[in-house]
There are 2 protein chains.
Amino acid sequence: MKRVLRTLAGEYRRCYINHMVKPSSQNDAATRDRILAAAREIFHRAGFDGARTQDIADAAGINKALLHYYFRTKDQLFEAVFEDAFRTHFAPIFEMMAAPDTPLDEKIRRFIDTYIRTLLLHPYLPGFVIHELNRNPQRMAVMAMSAGRGALTAVFDQLRQGMASGRYRTADPRQLMVSLMGMVVYPFIARPVVSELLHLDERAFHDFVLARKDEVHRQCFAMLNP
Amino acid sequence: MKRVLRTLAGEYRRCYINHMVKPSSQNDAATRDRILAAAREIFHRAGFDGARTQDIADAAGINKALLHYYFRTKDQLFEAVFEDAFRTHFAPIFEMMAAPDTPLDEKIRRFIDTYIRTLLLHPYLPGFVIHELNRNPQRMAVMAMSAGRGALTAVFDQLRQGMASGRYRTADPRQLMVSLMGMVVYPFIARPVVSELLHLDERAFHDFVLARKDEVHRQCFAMLNP
DNA sequence: GTCTATACGGTGATAGAC
DNA sequence: GTCTATCACCGTATAGAC
């Protein structure tokens, strides 16, 4: 409880300054974030349809009424969770990929490393995003604009340059990029399949995915070899 | 309506023979299959939690009561749909991979081709299976036993042989297999992401994935090159 | 086998006291 | 801000007529 409160101190100060007037109670922003954290947990696991506001309230240690006090509807609470997830976890990766002066080798290494580290910390994240995007595909339009666009053009340019100079095999950059994303994300999305088929318990899965970082990098550059 | 009835003629006869006695009405098995087909459609799109039995009944052209007459509960109807999906679409692929005398090159080519053709016909299938397996991971245990086990050991043996003989680069066969599955399945699971990021409408996505068959095959064997 | 009508529980949301 | 109590609705499931 106290721990959560402390980690959210920065967020709390921001809200405090924004409101300026009437900090009435000493923990309004903190409870808001407690609710948000609980909602994240539940929504990630169960999806929008499977999540119950009662469960979220329980996990946050408050009741449904208070939940509706902070976020008017379940929809709005979900919206907050979804956008937060995208901005926090995916946008930074896209931004890194968009940097024009970082060499491609470095970008791919960082992409794999950051992505896998993120997904190890938030196992339900990719399945959640995927499922909700399928339920509401036009949501993706906004996300794509905000981040992905610059990343792709930058990487595609670097790939085409490398192909022109003969360093890389000539191929459709889109196909290469989709393969890379699939190789990184798939074990997390399809974790029950992978774990069961390969007999991996939690610990073994963790090690398997860590070992995967180097292996995917090798596989990826093997694909690029002329 | 009539068309659906005709395509299910084989299934109908099977059930007819099983019951043997009392074919009472002339379309009991047919309506059962109509319900099943409608349930498939709805469940695949919306998942268990998002699906409404009312919508399934509407799509099947009957009412909820009749639905409960054939399948006692929503759960049991779902169970039928899920197992059917697995057996129809995934089990054959696994069986093909388990054949001990087919050379690996051929297996991989068929794997990619069959998988992508299947997913083009049933776009919601992988997302559905993945989401439901995450909701209930122990379900995977049964599926793995029934099919996947033999396929994996066979392919892993062939990979290890190729590595020992120097034809393939030495690497963890599990990592290679997971990458292959990811490359094939990812664009379907994450279709909204891919479509939006690459500006693909329905037709363009179709072409992109078709072109992917050869490209993934090339990428895969590039990964295996010593 | 198929329908109409209804029971029943659960869920999101609101009212109002403190 | 936070709580208790309550509402209106919706979704699954059943009863019973034909």
# chains A, B, ... in the order shown; residues from 1 in each chain; ligands from 1
$ interface_residues --of "chain B" --to "chain A" --cutoff "7 Å" --atoms "only C-alpha atoms" --output "list in words"
Asp49, Gly50, Gly127, Ile130, His131, Leu133, Asn134, Pro137, Met140, Ala141, Ala144, Gly148, Arg149, Gln175, Val178, Ser179, Gly182, Met183, Tyr186, Pro187, Ala190, Pro192, Val193, Glu196, Leu197, Arg212, Gln219, Ala222 and Met223 of chain B
$ write_last_selection --atoms "N, CA and C atoms" --output "JSON list (two decimals), in the first residue's frame"
[["chain", "number", "residue", "atom", "x", "y", "z"],
["B", 49, "ASP", "N", -16.43, -14.45, -23.79],
["B", 49, "ASP", "CA", -17.04, -13.40, -22.97],
["B", 49, "ASP", "C", -17.82, -12.38, -23.80],
["B", 50, "GLY", "N", -17.33, -12.10, -24.98],
["B", 50, "GLY", "CA", -17.97, -11.08, -25.81],
["B", 50, "GLY", "C", -19.16, -11.59, -26.59],
["B", 127, "GLY", "N", -6.39, -15.61, -33.46],
["B", 127, "GLY", "CA", -6.67, -14.71, -32.33],
["B", 127, "GLY", "C", -7.63, -15.35, -31.34],
["B", 130, "ILE", "N", -5.75, -18.24, -29.44],
["B", 130, "ILE", "CA", -4.77, -17.65, -28.52],
["B", 130, "ILE", "C", -5.46, -17.06, -27.30],
["B", 131, "HIS", "N", -6.49, -16.27, -27.55],
["B", 131, "HIS", "CA", -7.17, -15.60, -26.44],
["B", 131, "HIS", "C", -7.80, -16.59, -25.49],
["B", 133, "LEU", "N", -6.96, -19.71, -25.08],
["B", 133, "LEU", "CA", -5.94, -20.49, -24.38],
["B", 133, "LEU", "C", -5.36, -19.70, -23.22],
["B", 134, "ASN", "N", -5.27, -18.39, -23.38],
["B", 134, "ASN", "CA", -4.77, -17.57, -22.29],
["B", 134, "ASN", "C", -5.77, -17.50, -21.14],
["B", 137, "PRO", "N", -5.36, -21.84, -19.73],
["B", 137, "PRO", "CA", -4.14, -22.46, -20.27],
["B", 137, "PRO", "C", -4.11, -23.98, -20.17],
["B", 140, "MET", "N", -4.64, -26.34, -23.04],
["B", 140, "MET", "CA", -3.57, -26.65, -23.99],
["B", 140, "MET", "C", -2.96, -28.01, -23.74],
["B", 141, "ALA", "N", -2.97, -28.44, -22.48],
["B", 141, "ALA", "CA", -2.36, -29.72, -22.15],
["B", 141, "ALA", "C", -2.96, -30.84, -22.99],
["B", 144, "ALA", "N", -1.99, -30.49, -26.72],
["B", 144, "ALA", "CA", -0.60, -30.83, -26.97],
["B", 144, "ALA", "C", -0.42, -32.34, -27.06],
["B", 148, "GLY", "N", 0.51, -32.29, -31.03],
["B", 148, "GLY", "CA", 1.79, -31.60, -31.17],
["B", 148, "GLY", "C", 3.01, -32.41, -30.83],
["B", 149, "ARG", "N", 2.87, -33.27, -29.82],
["B", 149, "ARG", "CA", 4.03, -34.00, -29.33],
["B", 149, "ARG", "C", 4.84, -34.68, -30.43],
["B", 175, "GLN", "N", 14.18, -22.89, -30.50],
["B", 175, "GLN", "CA", 14.20, -21.48, -30.89],
["B", 175, "GLN", "C", 13.85, -21.33, -32.37],
["B", 178, "VAL", "N", 10.01, -22.00, -32.84],
["B", 178, "VAL", "CA", 9.20, -20.90, -32.34],
["B", 178, "VAL", "C", 9.27, -19.72, -33.32],
["B", 179, "SER", "N", 10.43, -19.46, -33.84],
["B", 179, "SER", "CA", 10.57, -18.36, -34.81],
["B", 179, "SER", "C", 9.72, -18.63, -36.05],
["B", 182, "GLY", "N", 6.11, -18.08, -35.28],
["B", 182, "GLY", "CA", 5.86, -16.65, -35.14],
["B", 182, "GLY", "C", 5.79, -15.93, -36.48],
["B", 183, "MET", "N", 6.71, -16.25, -37.37],
["B", 183, "MET", "CA", 6.74, -15.60, -38.67],
["B", 183, "MET", "C", 5.46, -15.86, -39.46],
["B", 186, "TYR", "N", 2.06, -14.48, -36.95],
["B", 186, "TYR", "CA", 1.99, -13.10, -36.45],
["B", 186, "TYR", "C", 1.13, -12.15, -37.29],
["B", 187, "PRO", "N", 1.33, -12.09, -38.61],
["B", 187, "PRO", "CA", 0.53, -11.11, -39.37],
["B", 187, "PRO", "C", -0.97, -11.31, -39.23],
["B", 190, "ALA", "N", -1.87, -10.20, -35.41],
["B", 190, "ALA", "CA", -1.73, -8.75, -35.24],
["B", 190, "ALA", "C", -2.17, -8.01, -36.49],
["B", 192, "PRO", "N", -4.60, -5.96, -37.38],
["B", 192, "PRO", "CA", -4.85, -4.52, -37.37],
["B", 192, "PRO", "C", -3.56, -3.71, -37.32],
["B", 193, "VAL", "N", -2.60, -4.17, -36.55],
["B", 193, "VAL", "CA", -1.31, -3.48, -36.47],
["B", 193, "VAL", "C", -0.64, -3.46, -37.83],
["B", 196, "GLU", "N", -2.55, -1.46, -40.64],
["B", 196, "GLU", "CA", -2.52, -0.01, -40.47],
["B", 196, "GLU", "C", -1.12, 0.54, -40.71],
["B", 197, "LEU", "N", -0.14, -0.13, -40.14],
["B", 197, "LEU", "CA", 1.24, 0.36, -40.26],
["B", 197, "LEU", "C", 1.73, 0.31, -41.71],
["B", 212, "ARG", "N", 4.19, -13.69, -48.86],
["B", 212, "ARG", "CA", 4.93, -14.09, -47.67],
["B", 212, "ARG", "C", 5.30, -15.57, -47.67],
["B", 219, "GLN", "N", 13.54, -17.01, -45.76],
["B", 219, "GLN", "CA", 14.07, -16.53, -44.47],
["B", 219, "GLN", "C", 14.40, -17.68, -43.55],
["B", 222, "ALA", "N", 17.52, -19.41, -44.64],
["B", 222, "ALA", "CA", 18.66, -18.53, -44.38],
["B", 222, "ALA", "C", 19.09, -18.68, -42.93],
["B", 223, "MET", "N", 18.09, -18.82, -42.04],
["B", 223, "MET", "CA", 18.38, -19.00, -40.62],
["B", 223, "MET", "C", 19.12, -20.30, -40.36]]
$ closest_atom_pairs --of "chain C" --to "chain A" --cutoff "9 Å" --atoms "only C-alpha atoms (C1' of nucleotides)" --output "Markdown table"
| residue | atom | partner | partner_atom | distance |
| --- | --- | --- | --- | --- |
| C:DT11 | C1' | A:Arg52 | CA | 7.7 |
| C:DG12 | C1' | A:Lys74 | CA | 7.7 |
| C:DA13 | C1' | A:His68 | CA | 7.7 |
| C:DT14 | C1' | A:Ala65 | CA | 8.6 |
$ closest_atom_pairs --of "chain D" --to "chain A" --cutoff "9 Å" --atoms "only C-alpha atoms (C1' of nucleotides)" --output "Markdown table"
| residue | atom | partner | partner_atom | distance |
| --- | --- | --- | --- | --- |
| D:DG1 | C1' | A:Ser25 | CA | 7.1 |
| D:DT2 | C1' | A:Leu66 | CA | 6.8 |
| D:DC3 | C1' | A:Asn63 | CA | 8.1 |
$ write_last_selection --atoms "N, CA and C atoms (P, O5', C5', C4', C3', O3' and C1' of nucleotides)" --output "mmCIF file, in the first residue's frame"
data_model
loop_
_atom_site.group_PDB
_atom_site.id
_atom_site.type_symbol
_atom_site.label_atom_id
_atom_site.label_comp_id
_atom_site.auth_asym_id
_atom_site.auth_seq_id
_atom_site.Cartn_x
_atom_site.Cartn_y
_atom_site.Cartn_z
ATOM 1 P P DG D 1 -11.007 15.250 -4.420
ATOM 2 O "O5'" DG D 1 -11.115 14.327 -3.174
ATOM 3 C "C5'" DG D 1 -12.203 13.480 -2.972
ATOM 4 C "C4'" DG D 1 -11.754 12.518 -1.886
ATOM 5 C "C3'" DG D 1 -11.750 11.076 -2.346
ATOM 6 O "O3'" DG D 1 -11.076 10.316 -1.334
ATOM 7 C "C1'" DG D 1 -13.701 11.506 -1.111
ATOM 8 P P DT D 2 -10.759 8.746 -1.671
ATOM 9 O "O5'" DT D 2 -11.959 7.920 -1.027
ATOM 10 C "C5'" DT D 2 -12.015 7.773 0.389
ATOM 11 C "C4'" DT D 2 -13.352 7.215 0.809
ATOM 12 C "C3'" DT D 2 -13.767 5.924 0.106
ATOM 13 O "O3'" DT D 2 -13.586 4.821 0.998
ATOM 14 C "C1'" DT D 2 -15.604 7.416 0.481
ATOM 15 P P DC D 3 -14.070 3.355 0.510
ATOM 16 O "O5'" DC D 3 -15.573 3.246 1.051
ATOM 17 C "C5'" DC D 3 -15.803 3.167 2.453
ATOM 18 C "C4'" DC D 3 -17.271 3.404 2.756
ATOM 19 C "C3'" DC D 3 -18.204 2.310 2.245
ATOM 20 O "O3'" DC D 3 -18.432 1.348 3.268
ATOM 21 C "C1'" DC D 3 -19.091 4.516 1.839
#
$ atom_distance --atom1 "atom C1' of C:DG9" --atom2 "atom C1' of D:DA5"
18.2 Å
$ atom_distance --atom1 "atom CA of B:Glu41" --atom2 "atom CA of B:Ala59"
8.7 Å
$ select_by_dssp --residues "stretch 147-216 of chain A" --states "alpha helix (DSSP H)" --output "PyMOL selection string"
chain A and resi 149-164+173-189+191-197+202-216
$ residues_around --residues "A:Ala80" --least-positions-apart "6" --cutoff "12 Å" --atoms "only C-alpha atoms (C1' of nucleotides)" --output "mmCIF file with C-alpha atoms, in the first residue's frame"
data_model
loop_
_atom_site.group_PDB
_atom_site.id
_atom_site.type_symbol
_atom_site.label_atom_id
_atom_site.label_comp_id
_atom_site.auth_asym_id
_atom_site.auth_seq_id
_atom_site.Cartn_x
_atom_site.Cartn_y
_atom_site.Cartn_z
ATOM 1 C CA ARG A 32 -6.961 7.216 -8.628
ATOM 2 C CA ASP A 33 -3.699 5.523 -9.461
ATOM 3 C CA ILE A 35 -7.683 2.077 -9.233
ATOM 4 C CA LEU A 36 -5.783 2.458 -12.478
ATOM 5 C CA ALA A 37 -3.190 -0.101 -11.426
ATOM 6 C CA ALA A 39 -7.765 -2.009 -13.630
ATOM 7 C CA ARG A 40 -4.594 -2.607 -15.586
ATOM 8 C CA PHE A 43 -8.134 -5.822 -17.934
ATOM 9 C CA TYR A 70 -13.026 8.741 -10.644
ATOM 10 C CA PHE A 71 -13.786 7.229 -14.048
ATOM 11 C CA ARG A 72 -17.379 7.773 -15.015
ATOM 12 C CA THR A 73 -17.862 4.483 -16.877
ATOM 13 C CA LYS A 74 -16.161 1.139 -17.367
ATOM 14 C CA PHE A 86 0.431 1.787 -25.511
ATOM 15 C CA ARG A 87 2.180 4.979 -24.563
ATOM 16 C CA THR A 88 4.229 3.480 -21.772
#
$ atom_distance --atom1 "atom C1' of D:DC18" --atom2 "atom CA of B:Gln76"
27.7 Å
$ residues_around --residues "A:Ile116" --least-positions-apart "2" --cutoff "8 Å" --atoms "only C-alpha atoms (C1' of nucleotides)" --output "PyMOL selection string"
chain A and resi 112-114+118-120+184-185+209-210+213
$ write_last_selection --atoms "C-alpha atoms" --output "PDB file, in the first residue's frame"
ATOM      1  CA  ILE A 112      14.797  -7.209 -29.487  1.00  0.00           C
ATOM      2  CA  ASP A 113      16.312  -6.504 -26.093  1.00  0.00           C
ATOM      3  CA  THR A 114      13.851  -3.827 -25.013  1.00  0.00           C
ATOM      4  CA  THR A 118       9.254  -5.368 -21.415  1.00  0.00           C
ATOM      5  CA  LEU A 119       7.180  -8.454 -22.160  1.00  0.00           C
ATOM      6  CA  LEU A 120       8.898 -10.447 -19.438  1.00  0.00           C
ATOM      7  CA  VAL A 184       9.947 -11.487 -30.812  1.00  0.00           C
ATOM      8  CA  VAL A 185       6.307 -11.311 -29.808  1.00  0.00           C
ATOM      9  CA  VAL A 209      13.050 -16.249 -23.738  1.00  0.00           C
ATOM     10  CA  LEU A 210      16.212 -14.685 -22.368  1.00  0.00           C
ATOM     11  CA  LYS A 213      17.443 -12.448 -27.380  1.00  0.00           C
TER      12      LYS A 213
END
$ residues_around --residues "D:DT4" --least-positions-apart "2" --cutoff "10 Å" --atoms "only C-alpha atoms (C1' of nucleotides)" --output "PyMOL selection string"
(chain A and resi 65) or (chain C and resi 16-17) or (chain D and resi 6)
$ closest_residue --among "A:Phe188, A:Thr102, A:Ala85, A:His44" --to "A:Phe205" --atoms "only C-alpha atoms"
A:Phe188
